[in-house]
Structures are given as structure tokens and as C-alpha cells.
file upload-v3.txt (compact mmCIF, C-alpha atoms)
# COMPACT_ATOMS: atom_id res chain seq x y z
CA MET E 13 7.67 -14.65 -79.89
CA THR E 14 4.76 -13.79 -82.19
CA GLY E 15 1.12 -14.73 -81.90
CA LYS E 16 1.91 -18.01 -83.67
CA ILE E 17 2.70 -20.87 -81.30
CA VAL E 18 6.25 -22.04 -81.92
CA ASP E 19 7.21 -23.77 -78.65
CA SER E 20 6.45 -27.47 -78.65
CA ARG E 21 8.57 -29.07 -75.92
CA ILE E 22 8.19 -29.25 -72.17
CA ARG E 23 11.42 -28.66 -70.27
CA ALA E 24 12.21 -29.59 -66.68
CA ARG E 25 15.32 -28.89 -64.64
CA TYR E 26 16.47 -31.14 -61.79
CA TRP E 27 19.13 -31.43 -59.15
CA ILE E 28 20.40 -35.02 -59.00
CA GLU E 29 22.85 -37.04 -56.94
CA THR E 30 24.05 -40.43 -58.19
CA ALA E 31 26.86 -42.97 -58.18
CA PHE E 32 26.22 -43.66 -61.88
CA PRO E 33 27.92 -41.75 -64.71
CA LEU E 34 25.96 -38.53 -65.09
CA GLN E 35 25.09 -39.02 -68.75
CA GLN E 36 23.84 -42.53 -68.07
CA ALA E 37 21.82 -41.35 -65.06
CA ALA E 38 20.20 -38.54 -67.04
CA GLU E 39 19.32 -40.92 -69.86
CA MET E 40 17.69 -43.24 -67.32
CA MET E 41 15.51 -40.33 -66.20
CA ALA E 42 14.51 -39.49 -69.76
CA GLY E 43 13.74 -43.11 -70.61
CA GLU E 44 11.78 -43.84 -67.43
CA GLN E 45 9.47 -40.88 -67.98
CA SER E 46 8.81 -41.33 -71.69
CA THR E 47 9.22 -44.36 -74.00
CA GLY E 48 11.78 -46.47 -72.21
CA THR E 49 12.08 -49.35 -69.83
CA PHE E 50 15.22 -51.12 -68.61
CA VAL E 51 15.32 -53.25 -71.78
CA ARG E 52 14.09 -52.74 -75.33
CA VAL E 53 10.63 -54.23 -75.88
CA PRO E 54 8.73 -55.24 -79.03
CA GLY E 55 7.23 -52.24 -80.78
CA GLU E 56 9.84 -49.83 -79.39
CA THR E 57 11.16 -48.82 -82.80
CA ASP E 58 13.82 -46.24 -83.55
CA GLU E 59 11.15 -44.11 -85.23
CA LEU E 60 8.92 -44.24 -82.15
CA ARG E 61 11.80 -43.33 -79.86
CA GLU E 62 12.83 -40.46 -82.11
CA ARG E 63 9.33 -39.00 -81.97
CA TYR E 64 8.33 -39.61 -78.36
CA ALA E 65 11.44 -40.13 -76.25
CA ALA E 66 12.43 -37.46 -73.77
CA ARG E 67 15.80 -35.83 -74.47
CA VAL E 68 18.66 -34.92 -72.19
CA GLU E 69 19.27 -31.27 -73.06
CA GLU E 70 21.96 -30.28 -70.58
CA ILE E 71 24.08 -31.64 -67.74
CA ALA E 72 25.96 -29.26 -65.45
CA GLU E 73 28.16 -31.18 -63.04
CA LEU E 74 28.36 -29.87 -59.48
CA GLU E 75 30.26 -31.27 -56.51
CA ILE E 76 31.22 -34.78 -55.39
CA VAL E 77 29.36 -35.83 -52.22
CA ASP E 78 30.67 -37.87 -49.30
CA ARG E 79 27.60 -40.00 -48.61
CA PRO E 80 24.16 -40.62 -50.12
CA SER E 81 21.54 -38.05 -49.17
CA LEU E 82 18.69 -40.58 -49.34
CA PRO E 83 18.50 -44.24 -48.32
CA GLY E 84 17.98 -47.12 -50.73
CA SER E 85 20.09 -45.92 -53.63
CA GLY E 86 22.11 -48.32 -55.77
CA VAL E 87 25.50 -48.34 -57.45
CA PRO E 88 26.64 -49.63 -60.84
CA LYS E 89 27.33 -53.39 -60.90
CA SER E 90 30.86 -52.67 -62.08
CA VAL E 91 31.70 -50.76 -58.89
CA SER E 92 33.25 -53.02 -56.24
CA GLU E 93 34.63 -50.41 -53.85
CA SER E 94 33.08 -47.33 -52.30
CA PRO E 95 31.42 -45.46 -55.20
CA VAL E 96 32.01 -41.84 -56.15
CA ARG E 97 28.73 -39.92 -55.98
CA ARG E 98 28.31 -36.82 -58.06
CA SER E 99 25.65 -34.12 -58.08
CA ALA E 100 24.54 -32.15 -61.10
CA GLU E 101 21.78 -30.04 -62.58
CA VAL E 102 20.08 -31.78 -65.47
CA GLU E 103 17.59 -30.47 -68.03
CA ILE E 104 15.26 -32.90 -69.77
CA SER E 105 12.65 -32.12 -72.43
CA TRP E 106 9.55 -33.94 -73.68
CA PRO E 107 7.48 -33.49 -76.83
CA LEU E 108 4.19 -31.85 -75.90
CA GLU E 109 2.34 -34.54 -77.83
CA ASN E 110 3.41 -37.15 -75.26
CA MET E 111 0.66 -36.01 -72.90
CA GLY E 112 -0.86 -32.94 -74.52
CA PRO E 113 -1.56 -29.78 -72.49
CA SER E 114 -2.69 -31.68 -69.38
CA LEU E 115 -1.54 -30.61 -65.92
CA PRO E 116 -2.20 -33.95 -64.16
CA ASN E 117 -0.32 -35.87 -66.85
CA LEU E 118 2.42 -33.24 -66.97
CA LEU E 119 2.92 -33.78 -63.25
CA ALA E 120 3.15 -37.54 -63.82
CA ALA E 121 5.84 -36.98 -66.46
CA VAL E 122 8.09 -34.47 -64.70
CA ALA E 123 7.56 -35.53 -61.07
CA GLY E 124 6.32 -39.11 -61.21
CA ASN E 125 8.42 -42.23 -60.70
CA LEU E 126 11.71 -40.36 -60.92
CA SER E 127 12.05 -39.92 -57.18
CA GLU E 128 11.94 -43.70 -56.69
CA LEU E 129 14.63 -44.66 -59.18
CA LYS E 130 17.33 -46.70 -57.44
CA PRO E 131 20.34 -45.10 -59.21
CA PHE E 132 19.60 -41.79 -57.46
CA SER E 133 20.45 -40.85 -53.89
CA GLY E 134 18.91 -37.45 -54.53
CA LEU E 135 16.56 -36.00 -57.14
CA LYS E 136 14.60 -32.74 -56.93
CA LEU E 137 12.54 -30.87 -59.51
CA LEU E 138 13.82 -27.28 -59.73
CA ASP E 139 11.79 -25.69 -62.54
CA VAL E 140 9.55 -26.34 -65.52
CA GLN E 141 9.07 -24.42 -68.77
CA LEU E 142 5.84 -25.03 -70.62
CA PRO E 143 4.66 -24.42 -74.18
CA SER E 144 2.05 -21.68 -74.47
CA ARG E 145 -0.42 -24.25 -75.80
CA PHE E 146 -1.27 -24.91 -72.16
CA LEU E 147 -3.10 -21.58 -72.27
CA GLU E 148 -5.52 -23.03 -74.81
CA ARG E 149 -6.83 -25.38 -72.12
CA TYR E 150 -6.14 -23.70 -68.79
CA GLN E 151 -7.51 -20.33 -67.78
CA GLY E 152 -4.89 -19.27 -65.25
CA PRO E 153 -5.80 -16.70 -62.58
CA GLN E 154 -9.04 -14.80 -63.13
CA PHE E 155 -7.98 -11.82 -61.01
CA GLY E 156 -4.28 -12.12 -60.18
CA VAL E 157 -2.49 -9.00 -59.01
CA PRO E 158 -4.59 -6.26 -60.70
CA GLY E 159 -7.91 -7.94 -59.97
CA THR E 160 -7.09 -8.52 -56.32
CA ARG E 161 -6.16 -4.86 -55.96
CA ARG E 162 -9.41 -3.83 -57.63
CA LEU E 163 -11.54 -6.07 -55.40
CA CYS E 164 -9.79 -4.77 -52.26
CA GLY E 165 -9.58 -1.16 -53.45
CA VAL E 166 -5.89 -1.07 -52.54
CA TYR E 167 -3.29 0.55 -54.79
CA GLY E 168 0.31 1.66 -54.36
CA ARG E 169 0.94 -0.40 -51.25
CA PRO E 170 0.63 -4.01 -50.05
CA VAL E 171 -2.74 -5.49 -49.19
CA ILE E 172 -2.75 -5.74 -45.39
CA GLY E 173 -4.32 -8.95 -44.12
CA THR E 174 -4.75 -11.32 -41.22
CA ILE E 175 -5.88 -14.83 -40.33
CA LEU E 176 -8.84 -15.62 -38.10
CA LYS E 177 -7.69 -17.22 -34.85
CA PRO E 178 -8.20 -19.34 -32.86
CA SER E 179 -8.21 -21.85 -35.71
CA LEU E 180 -10.98 -23.94 -34.18
CA GLY E 181 -13.64 -23.24 -31.60
CA LEU E 182 -15.10 -19.93 -32.78
CA THR E 183 -18.82 -19.96 -33.53
CA PRO E 184 -20.13 -18.15 -36.63
CA LYS E 185 -21.26 -15.29 -34.38
CA ALA E 186 -17.85 -15.02 -32.70
CA THR E 187 -16.14 -15.19 -36.09
CA ALA E 188 -18.31 -12.34 -37.37
CA GLN E 189 -17.53 -10.28 -34.28
CA GLN E 190 -13.82 -10.75 -34.89
CA ALA E 191 -14.29 -9.83 -38.57
CA ARG E 192 -16.16 -6.69 -37.53
CA SER E 193 -13.37 -5.56 -35.21
CA LEU E 194 -10.79 -6.19 -37.93
CA ALA E 195 -12.82 -4.31 -40.54
CA GLU E 196 -13.21 -1.39 -38.17
CA ALA E 197 -9.44 -1.53 -37.60
CA GLY E 198 -8.90 -0.89 -41.33
CA ILE E 199 -7.89 -4.37 -42.52
CA ASP E 200 -7.97 -5.12 -46.28
CA PHE E 201 -8.04 -8.91 -46.25
CA ILE E 202 -9.23 -11.59 -43.82
CA LYS E 203 -8.82 -15.33 -44.32
CA ASP E 204 -10.01 -18.47 -42.59
CA ASP E 205 -7.44 -20.77 -41.11
CA GLU E 206 -6.92 -23.84 -43.29
CA LEU E 207 -8.17 -26.07 -40.45
CA GLN E 208 -11.64 -24.53 -40.48
CA SER E 209 -13.98 -25.24 -43.36
CA ASN E 210 -17.27 -26.79 -42.23
CA GLY E 211 -16.74 -27.91 -38.65
CA PRO E 212 -19.77 -28.78 -36.49
CA HIS E 213 -19.18 -25.75 -34.28
CA SER E 214 -18.93 -23.41 -37.29
CA PRO E 215 -20.99 -24.66 -40.24
CA PHE E 216 -19.78 -23.14 -43.50
CA ARG E 217 -23.02 -21.50 -44.57
CA ASP E 218 -23.72 -20.03 -41.12
CA ARG E 219 -20.19 -18.62 -40.91
CA LEU E 220 -20.37 -17.21 -44.44
CA HIS E 221 -23.64 -15.36 -43.82
CA ALA E 222 -22.59 -14.08 -40.39
CA VAL E 223 -19.27 -12.69 -41.65
CA MET E 224 -20.61 -11.32 -44.94
CA GLU E 225 -23.50 -9.57 -43.21
CA THR E 226 -20.94 -7.81 -41.04
CA LEU E 227 -18.60 -6.92 -43.91
CA THR E 228 -21.44 -5.79 -46.19
CA ALA E 229 -22.72 -3.44 -43.49
CA HIS E 230 -19.18 -2.12 -43.02
CA ALA E 231 -18.82 -1.48 -46.76
CA ALA E 232 -22.19 0.31 -46.87
CA SER E 233 -21.19 2.68 -44.09
CA THR E 234 -17.54 3.27 -45.02
CA GLY E 235 -17.18 2.40 -48.71
CA LYS E 236 -14.40 -0.02 -47.77
CA ASN E 237 -14.72 -3.56 -49.13
CA VAL E 238 -12.82 -6.11 -47.05
CA MET E 239 -11.91 -9.32 -48.88
CA TYR E 240 -12.81 -12.45 -46.93
CA ALA E 241 -11.15 -15.68 -48.11
CA ILE E 242 -13.54 -18.26 -46.67
CA ASN E 243 -12.31 -21.85 -46.71
CA ILE E 244 -14.42 -23.88 -49.15
CA THR E 245 -12.19 -26.99 -49.05
CA GLY E 246 -14.22 -30.21 -49.16
CA GLU E 247 -15.59 -32.76 -51.58
CA MET E 248 -15.97 -31.57 -55.16
CA GLU E 249 -19.73 -31.08 -55.15
CA GLU E 250 -19.49 -29.28 -51.80
CA MET E 251 -16.87 -26.85 -53.09
CA LEU E 252 -18.83 -26.00 -56.22
CA GLU E 253 -21.92 -25.33 -54.13
CA ARG E 254 -19.94 -23.24 -51.66
CA LEU E 255 -18.49 -21.16 -54.49
CA GLU E 256 -22.01 -20.19 -55.52
CA TRP E 257 -22.94 -19.35 -51.95
CA VAL E 258 -19.89 -17.08 -51.58
CA TYR E 259 -20.77 -15.13 -54.72
CA ALA E 260 -24.47 -14.90 -53.81
CA ALA E 261 -23.55 -13.54 -50.36
CA GLY E 262 -21.47 -10.76 -51.94
CA GLY E 263 -18.12 -12.38 -51.24
CA THR E 264 -15.07 -11.73 -53.39
CA CYS E 265 -12.76 -14.63 -52.47
CA ALA E 266 -12.75 -18.34 -51.67
CA MET E 267 -9.87 -20.30 -50.19
CA ALA E 268 -8.94 -23.88 -51.06
CA SER E 269 -6.20 -26.16 -49.71
CA MET E 270 -4.41 -27.00 -52.95
CA ASN E 271 -2.58 -30.14 -51.89
CA SER E 272 -5.77 -31.55 -50.37
CA ILE E 273 -7.99 -31.14 -53.43
CA GLY E 274 -5.54 -31.63 -56.34
CA LEU E 275 -5.01 -29.96 -59.70
CA PRO E 276 -8.15 -31.22 -61.51
CA ALA E 277 -10.39 -30.00 -58.68
CA LEU E 278 -8.74 -26.58 -58.66
CA THR E 279 -9.09 -26.36 -62.44
CA LEU E 280 -12.82 -27.10 -62.14
CA LEU E 281 -13.21 -24.51 -59.37
CA ARG E 282 -11.58 -21.94 -61.63
CA LYS E 283 -14.05 -22.70 -64.42
CA HIS E 284 -16.98 -22.01 -62.10
CA ALA E 285 -15.52 -19.26 -59.90
CA LYS E 286 -16.85 -15.71 -60.01
CA VAL E 287 -14.59 -14.76 -57.11
CA ALA E 288 -10.83 -14.79 -56.51
CA ILE E 289 -9.27 -18.11 -55.50
CA HIS E 290 -6.88 -18.04 -52.57
CA GLY E 291 -4.64 -21.10 -52.85
CA HIS E 292 -3.38 -22.34 -49.50
CA ARG E 293 -0.27 -24.50 -49.78
CA ASN E 294 -0.56 -26.41 -46.46
CA GLY E 295 1.37 -29.65 -46.77
CA TRP E 296 3.99 -27.90 -48.87
CA GLY E 297 6.78 -28.85 -46.46
CA MET E 298 6.45 -32.52 -47.41
CA LEU E 299 7.41 -31.59 -50.97
CA SER E 300 10.06 -29.02 -50.21
CA ARG E 301 11.81 -29.43 -46.88
CA SER E 302 14.39 -31.99 -47.94
CA PRO E 303 17.06 -30.55 -50.24
CA ALA E 304 17.42 -34.01 -51.81
CA ILE E 305 13.86 -34.81 -52.92
CA GLY E 306 10.55 -33.18 -53.84
CA MET E 307 10.34 -29.96 -55.81
CA SER E 308 11.11 -26.27 -55.53
CA PHE E 309 8.37 -23.70 -55.09
CA VAL E 310 9.46 -22.15 -58.39
CA ALA E 311 8.22 -25.29 -60.15
CA TYR E 312 5.30 -26.00 -57.82
CA GLN E 313 3.55 -22.66 -58.16
CA LYS E 314 3.50 -22.86 -61.95
CA PHE E 315 1.12 -25.81 -61.91
CA TRP E 316 -1.29 -24.02 -59.60
CA ARG E 317 -1.07 -20.69 -61.41
CA LEU E 318 -2.14 -22.35 -64.63
CA ALA E 319 -4.93 -24.19 -62.79
CA GLY E 320 -6.27 -20.83 -61.66
CA ILE E 321 -5.23 -19.55 -58.23
CA ASP E 322 -5.03 -15.78 -57.72
CA HIS E 323 -2.80 -15.75 -54.63
CA THR E 324 -0.78 -18.20 -52.56
CA HIS E 325 1.47 -18.25 -49.52
CA VAL E 326 5.24 -17.90 -49.62
CA ASN E 327 5.97 -17.66 -45.86
CA GLY E 328 7.63 -14.45 -44.64
CA LEU E 329 10.99 -13.12 -43.60
CA ARG E 330 12.23 -14.45 -40.27
CA ASN E 331 9.19 -16.72 -40.16
CA LYS E 332 8.26 -19.37 -37.60
CA PHE E 333 8.85 -22.19 -40.07
CA CYS E 334 12.07 -23.67 -41.44
CA GLU E 335 12.25 -21.70 -44.71
CA ALA E 336 15.19 -19.34 -45.17
CA ASP E 337 14.63 -15.71 -46.16
CA ASP E 338 16.27 -16.04 -49.58
CA SER E 339 13.92 -18.92 -50.41
CA VAL E 340 10.90 -16.86 -49.35
CA ILE E 341 11.89 -13.99 -51.63
CA ALA E 342 12.64 -16.34 -54.52
CA SER E 343 9.16 -17.81 -54.11
CA ALA E 344 7.52 -14.38 -54.11
CA ARG E 345 9.45 -13.32 -57.19
CA ALA E 346 8.36 -16.51 -58.94
CA CYS E 347 4.69 -15.62 -58.33
CA LEU E 348 5.25 -12.22 -59.96
CA THR E 349 7.29 -13.51 -62.91
CA PRO E 350 5.48 -14.18 -66.22
CA MET E 351 5.35 -17.85 -67.17
CA PHE E 352 5.31 -17.26 -70.92
CA ALA E 353 6.96 -14.88 -73.34
CA PRO E 354 4.88 -11.97 -74.71
CA PRO E 355 2.21 -11.79 -75.99
CA ALA E 356 1.06 -14.92 -74.14
CA PHE E 357 -0.73 -14.57 -70.79
CA GLY E 358 1.72 -14.20 -67.92
CA CYS E 359 -0.42 -15.62 -65.07
CA GLU E 360 1.15 -13.44 -62.36
CA ILE E 361 -0.39 -13.93 -58.91
CA MET E 362 -0.20 -12.23 -55.51
CA PRO E 363 2.36 -13.74 -53.12
CA VAL E 364 1.08 -13.87 -49.54
CA PHE E 365 3.65 -13.13 -46.84
CA SER E 366 2.66 -14.64 -43.49
CA SER E 367 3.98 -16.57 -40.48
CA GLY E 368 5.28 -14.43 -37.63
CA GLN E 369 5.12 -11.18 -39.56
CA SER E 370 4.86 -7.70 -38.02
CA ALA E 371 5.92 -4.15 -38.82
CA ARG E 372 9.50 -5.31 -38.27
CA GLN E 373 9.74 -7.20 -41.58
CA ALA E 374 8.25 -4.53 -43.87
CA PRO E 375 11.48 -2.70 -44.86
CA ASP E 376 13.46 -5.88 -45.48
CA THR E 377 10.59 -7.39 -47.45
CA TYR E 378 10.29 -4.33 -49.67
CA ARG E 379 14.06 -4.06 -50.11
CA ALA E 380 14.43 -7.71 -51.08
CA LEU E 381 11.34 -8.02 -53.31
CA GLY E 382 11.37 -4.53 -54.81
CA SER E 383 7.59 -4.54 -55.11
CA THR E 384 4.42 -3.85 -53.14
CA ASP E 385 2.43 -6.42 -55.12
CA LEU E 386 1.82 -8.72 -52.18
CA ILE E 387 -0.55 -9.55 -49.36
CA PHE E 388 1.15 -8.91 -46.02
CA ALA E 389 -0.75 -11.08 -43.53
CA CYS E 390 -0.08 -10.62 -39.83
CA GLY E 391 -1.85 -12.39 -36.98
CA GLY E 392 -0.17 -11.43 -33.75
CA GLY E 393 1.40 -8.41 -35.47
CA ILE E 394 -2.13 -6.94 -35.58
CA LEU E 395 -4.17 -8.63 -32.86
CA ALA E 396 -1.42 -8.59 -30.21
CA HIS E 397 -0.55 -4.91 -30.64
CA PRO E 398 -0.67 -3.35 -27.15
CA SER E 399 -3.08 -0.63 -28.28
CA GLY E 400 -5.40 -3.00 -30.12
CA PRO E 401 -6.05 -4.18 -33.70
CA ALA E 402 -6.56 -0.69 -35.17
CA ALA E 403 -3.14 0.34 -33.89
CA GLY E 404 -1.73 -2.92 -35.24
CA VAL E 405 -3.04 -2.18 -38.73
CA ALA E 406 -1.82 1.42 -38.46
CA SER E 407 1.66 0.22 -37.48
CA LEU E 408 1.83 -1.86 -40.66
CA HIS E 409 0.80 1.07 -42.85
CA GLN E 410 3.43 3.19 -41.15
CA ALA E 411 6.10 0.51 -41.55
CA TRP E 412 5.39 0.20 -45.28
CA ASP E 413 5.31 3.99 -45.67
CA ALA E 414 8.75 4.09 -44.09
CA ALA E 415 9.98 1.25 -46.28
CA MET E 416 8.76 2.83 -49.52
CA SER E 417 10.16 6.24 -48.62
CA GLY E 418 13.53 4.79 -47.63
CA THR E 419 13.23 6.06 -44.06
CA PRO E 420 14.79 3.88 -41.33
CA LEU E 421 12.07 2.17 -39.31
CA GLU E 422 13.33 3.43 -35.96
CA SER E 423 13.47 7.02 -37.23
CA TYR E 424 9.91 6.83 -38.59
CA ALA E 425 8.76 5.33 -35.30
CA GLN E 426 9.85 8.44 -33.38
CA THR E 427 6.89 10.35 -34.79
CA HIS E 428 4.45 7.44 -35.19
CA LYS E 429 3.19 6.01 -31.90
CA GLU E 430 1.62 2.82 -33.28
CA LEU E 431 4.80 1.83 -35.07
CA ARG E 432 6.91 2.64 -32.03
CA GLU E 433 4.73 0.42 -29.84
CA SER E 434 4.90 -2.37 -32.41
CA LEU E 435 8.70 -2.29 -32.53
CA ASN E 436 8.82 -2.42 -28.73
CA THR E 437 6.37 -5.34 -28.68
CA PHE E 438 7.91 -7.37 -31.50
CA PRO E 439 11.70 -7.06 -31.23
CA ASP E 440 13.98 -8.93 -33.63

call {"tool": "encode", "arguments": {"input": "upload-v3.txt", "output": "C-alpha cells"}}
result
Amino acid sequence: MTGKIVDSRIRARYWIETAFPLQQAAEMMAGEQSTGTFVRVPGETDELRERYAARVEEIAELEIVDRPSLPGSGVPKSVSESPVRRSAEVEISWPLENMGPSLPNLLAAVAGNLSELKPFSGLKLLDVQLPSRFLERYQGPQFGVPGTRRLCGVYGRPVIGTILKPSLGLTPKATAQQARSLAEAGIDFIKDDELQSNGPHSPFRDRLHAVMETLTAHAASTGKNVMYAINITGEMEEMLERLEWVYAAGGTCAMASMNSIGLPALTLLRKHAKVAIHGHRNGWGMLSRSPAIGMSFVAYQKFWRLAGIDHTHVNGLRNKFCEADDSVIASARACLTPMFAPPAFGCEIMPVFSSGQSARQAPDTYRALGSTDLIFACGGGILAHPSGPAAGVASLHQAWDAAMSGTPLESYAQTHKELRESLNTFPD
């Protein structure tokens, strides 16, 4: 691809399950989400359909299924006995001019009414491919992988992070004390829990100033800047004001709950942000957990990358949630994969590994991902280390040193006390 824009169609890939003939079902999808309705209407000319109708680009039939995955699906009127239901992967494309480079309207087109269509007993968005014209309107991440490393001063290894707990109940003073102990332990990254933004017991501005005063003093004495992702989630005017407060206090990161605020709000935050944006995906399970509906993370993260997040969560290996390890790694790889062909902007962002992580998962994470471009966030893996938080952080450095050198974890632990204690404390 040259500097000239040549791509003009939006493409989306789906998994579907239906009792209807696959070609007919796919054409229903294309019609529903572009020009069509269930009957031809006045003004729906052949010329209009040729220009604006979505196209079925590909159908790859998969297996026949025994029973419908979702309730409420229909069958063709011609079927009198038990219908045969087939699954398939389907690719549909739209002309960009249908909605222009607009993320909210893109979402309406590729993931709107489709999930409610009666002919389908399963329909899930797997991926989207977008024309590079979206980059004329959307800024994408301001910092991404290289900028996050620069702000943290961390190179050649993962950014080691943690989450402030308990989620609720800590005062600003207690939060700052915990941040101080973590900074002194050698942490690179600290984030608020998504449940704490501006609670009465921890007002946002009080918490920001208490924590940043502590971290600024730590940086002045050690030269180490710790990134604090404070949760700015709220009403739009509140978030814009909080962004300014974070920057004025010397902060380098703000966290927002993506599913709570929506794409237009995140896009506006990106336009005003002078700090990195940590996108928290809480609520993601409602979109992803069913294999028969919703969307894959591969598709999901592309919307938010374009809107402007710099990092987002992907769970972790052997996590406390329901996500399988191969899905976690696929999500992390998606964050690090360019969205557009050269020379267009790639929008790569930092995947955040979290949820039940400790030194135990470092070698498998590195082996599976093949990269250290990640934030490795551990709560109990740091704070519950028997020798304290500093030993917890040290155990993670040692685990990643072992992983990157190809040394078995147990062998490395023989000469590294903190790692040995961690492995004894957090068995598989």
C-alpha cells in the first residue's frame, strides 16, 4: 500500500448458526444492515442497491449442529420437520460511504440489529477490517507501547504493575500510604480498581493529590517515575475536568471504564488528554462469554484502539475468570498487531495481563506471546508475598529474567530467594 488511500470498504467476519440456507442467511445479514428490508420498498432502486448495499464476500461452511444455541430462532416456512442447522463463517463488506469514518455508526452497522434476527440461532462478530480513512478522523493511541515505556522508564522487560486493594473503603491518605509502599517496593505501574472513582470516602481530587504527592516525592529522591492510572470514569464534564487535574498534578495516566462511557466519550477524552489512557474493559464478559453471541476481543479492541486507548486488559494465564489461556494470548497478540498496512498508523497498544497472576505465569506468558511488550499486573502476587511487597516485585523481575533467558523457573529459584518463596506461596 502506498501513501494514497485505496481501501474503501469495511469488512466484518462473523460466526453464524442458522436453519436457513447459508447464502440466504448471509444475504439477510447484508440487507438488514445496509439498504434492505424484508420487502422491496419505493425508492429502493437497483442503482441505489448497487452503490450502497452490503455484499456477501465469503461463506465458509462449518459443522451441522444438533440444537439451537440461542432461544427464539426461526426456521424457513417450507420446513415442516426438524430443521437442519448449519454453522459457518461469513464475511460481509460495506461501502465506507454508507456511514463514513464514524466509530459509533460503524458499530451500529457491524454489530447492531444482527444479533436479534430471527433466522439465526447464533451470530458472533469475529473481526473487522477498516479502511485507513478512519485515521483521518480518529487519533488512535497517543502513547501506545513506546510511549508507555518512556513514561515508566521501563525497557527490555514487562512493565510490572498492581491494583490498589481493597477496592472500596480506603481513604485518600490510606491509598497514598499503599502507593508509597508499592513505589518503595520498586513497582512500575499502579492502577485504581474500576469500582473506585469519586466515592464519598475517597473523593477523586483528594486521592489524586495524596497519591501524586507521594509518587512525586519518590521520583525526586530515586529518579523512578511510577505510573498511576487513576480512575476518572464519570459524567463527560467530570472526566474532562479530571483529565486536567491529573496532568496538572504531574500524573502520566488516567483510567476509564470503556463500556461505561462509550466510544464518543473515549474519543473526546483522547482529544483532550495529555496523559496515557488506560482502558478498562469491565463488562466485557457480557459481550464475549457466550460462544453464540456478542463479539470477539479481536474485533472489540479495534474500536477502542482507534478511539484512543493506550493499554487495556486481556486477563492472564490461568486466571480467576472463565477465559481460556489461548483466548488470552490471542487477545494480547491482537493489541500488538497493526490495524492497517504500512505506511498507515498501526495503533498498537499495551496488553495488560492481570487476574490471579504471580511469578508462576511469567515463563508461559513469555513463551506464548513471544514479547515483553505488556503490563504484568499482580495483586496478591506482590502484596501477599510472605516477605512483603518488595520481595513480591523482586520475584516477578526474577521470574521474567528466567523466562527471557530460557532458564526453568524452579532452577532459577534455587539461587533467588524471593522467587523461591513466591513459588512456594503460589503453587499451580

call {"tool": "closest_residue", "arguments": {"input": "upload-v3.txt", "among": "E:Leu435, E:Ile76, E:Leu118, E:Ala24", "to": "Ala411 of chain E", "atoms": "only C-alpha atoms"}}
result
E:Leu435

call {"tool": "closest_residue", "arguments": {"input": "upload-v3.txt", "among": "E:Leu108, E:Ala42, E:Ile305, E:Ala66", "to": "Ile22 of chain E", "atoms": "only C-alpha atoms"}}
result
E:Leu108

call {"tool": "closest_residue", "arguments": {"input": "upload-v3.txt", "among": "E:Phe155, E:Asp204, E:Val166, E:Thr30", "to": "Gly320 of chain E", "atoms": "all atoms listed in the file"}}
result
E:Phe155

call {"tool": "closest_residue", "arguments": {"input": "upload-v3.txt", "among": "E:Gly291, E:Gly404, E:Gly297, E:Gly382", "to": "Arg169 of chain E", "atoms": "all atoms listed in the file"}}
result
E:Gly382

call {"tool": "closest_residue", "arguments": {"input": "upload-v3.txt", "among": "E:Asn125, E:His221, E:Leu431, E:Glu39", "to": "Ala402 of chain E", "atoms": "only C-alpha atoms"}}
result
E:Leu431

call {"tool": "residues_around", "arguments": {"input": "upload-v3.txt", "residues": "Ser209 of chain E", "least_positions_apart": "5", "cutoff": "9 Å", "atoms": "all atoms listed in the file", "output": "list of chain:residue names"}}
result
E:Asp204, E:Ser214, E:Pro215, E:Phe216, E:Ile242, E:Asn243, E:Ile244, E:Thr245, E:Gly246

call {"tool": "residues_around", "arguments": {"input": "upload-v3.txt", "residues": "Arg293 of chain E", "least_positions_apart": "6", "cutoff": "7 Å", "atoms": "only C-alpha atoms", "output": "list in words"}}
result
Ser269, Met270, Asn271, Thr324 and His325 of chain E

call {"tool": "residues_around", "arguments": {"input": "upload-v3.txt", "residues": "segment 250-259 of chain E", "least_positions_apart": "5", "cutoff": "9 Å", "atoms": "all atoms listed in the file", "output": "JSON, numbers by chain"}}
result
{"E": [216, 217, 220, 221, 224, 242, 244, 245, 264, 265, 266, 268, 280, 281, 284, 285, 286, 287]}

call {"tool": "residues_around", "arguments": {"input": "upload-v3.txt", "residues": "Gly86 of chain E", "least_positions_apart": "5", "cutoff": "12 Å", "atoms": "only C-alpha atoms", "output": "ChimeraX atom specification"}}
result
/E:29-32,37,80,91,94-97,128-134

call {"tool": "atom_distance", "arguments": {"input": "upload-v3.txt", "atom1": "atom CA of Asp58 of chain E", "atom2": "atom CA of Pro107 of chain E"}}
result
15.7 Å

call {"tool": "atom_distance", "arguments": {"input": "upload-v3.txt", "atom1": "atom CA of Ala406 of chain E", "atom2": "atom CA of Ala191 of chain E"}}
result
16.8 Å

call {"tool": "closest_residue", "arguments": {"input": "upload-v3.txt", "among": "E:Leu395, E:Val122, E:Glu109, E:Ser300", "to": "Gln190 of chain E", "atoms": "only C-alpha atoms"}}
result
E:Leu395

call {"tool": "atom_distance", "arguments": {"input": "upload-v3.txt", "atom1": "atom CA of Ser20 of chain E", "atom2": "atom CA of Gly358 of chain E"}}
result
17.7 Å

call {"tool": "residues_around", "arguments": {"input": "upload-v3.txt", "residues": "Val326 of chain E", "least_positions_apart": "3", "cutoff": "7 Å", "atoms": "all atoms listed in the file", "output": "PDB file with C-alpha atoms, in the coordinates of the input"}}
result
ATOM      1  CA  VAL E 340      10.900 -16.860 -49.350  1.00  0.00           C
ATOM      2  CA  SER E 343       9.160 -17.810 -54.110  1.00  0.00           C
ATOM      3  CA  ALA E 344       7.520 -14.380 -54.110  1.00  0.00           C
ATOM      4  CA  PRO E 363       2.360 -13.740 -53.120  1.00  0.00           C
ATOM      5  CA  VAL E 364       1.080 -13.870 -49.540  1.00  0.00           C
ATOM      6  CA  PHE E 365       3.650 -13.130 -46.840  1.00  0.00           C
TER       7      PHE E 365
END

call {"tool": "residues_near_point", "arguments": {"input": "upload-v3.txt", "point": "(5.9, -23.3, -75.1)", "cutoff": "6 Å", "atoms": "only C-alpha atoms", "output": "NGL selection string"}}
result
:E and (19-20 or 142-144)

call {"tool": "residues_near_point", "arguments": {"input": "upload-v3.txt", "point": "(13.9, -22.1, -67.7)", "cutoff": "7 Å", "atoms": "all atoms listed in the file", "output": "PyMOL selection string"}}
result
chain E and resi 139-141

call {"tool": "axis_aligned_box", "arguments": {"input": "upload-v3.txt", "around": "segment 199-218 of chain E", "padding_each_side": "8 Å", "output": "AutoDock Vina command-line options"}}
result
--center_x -15.3 --center_y -16.6 --center_z -40.3 --size_x 32.8 --size_y 40.4 --size_z 28.0
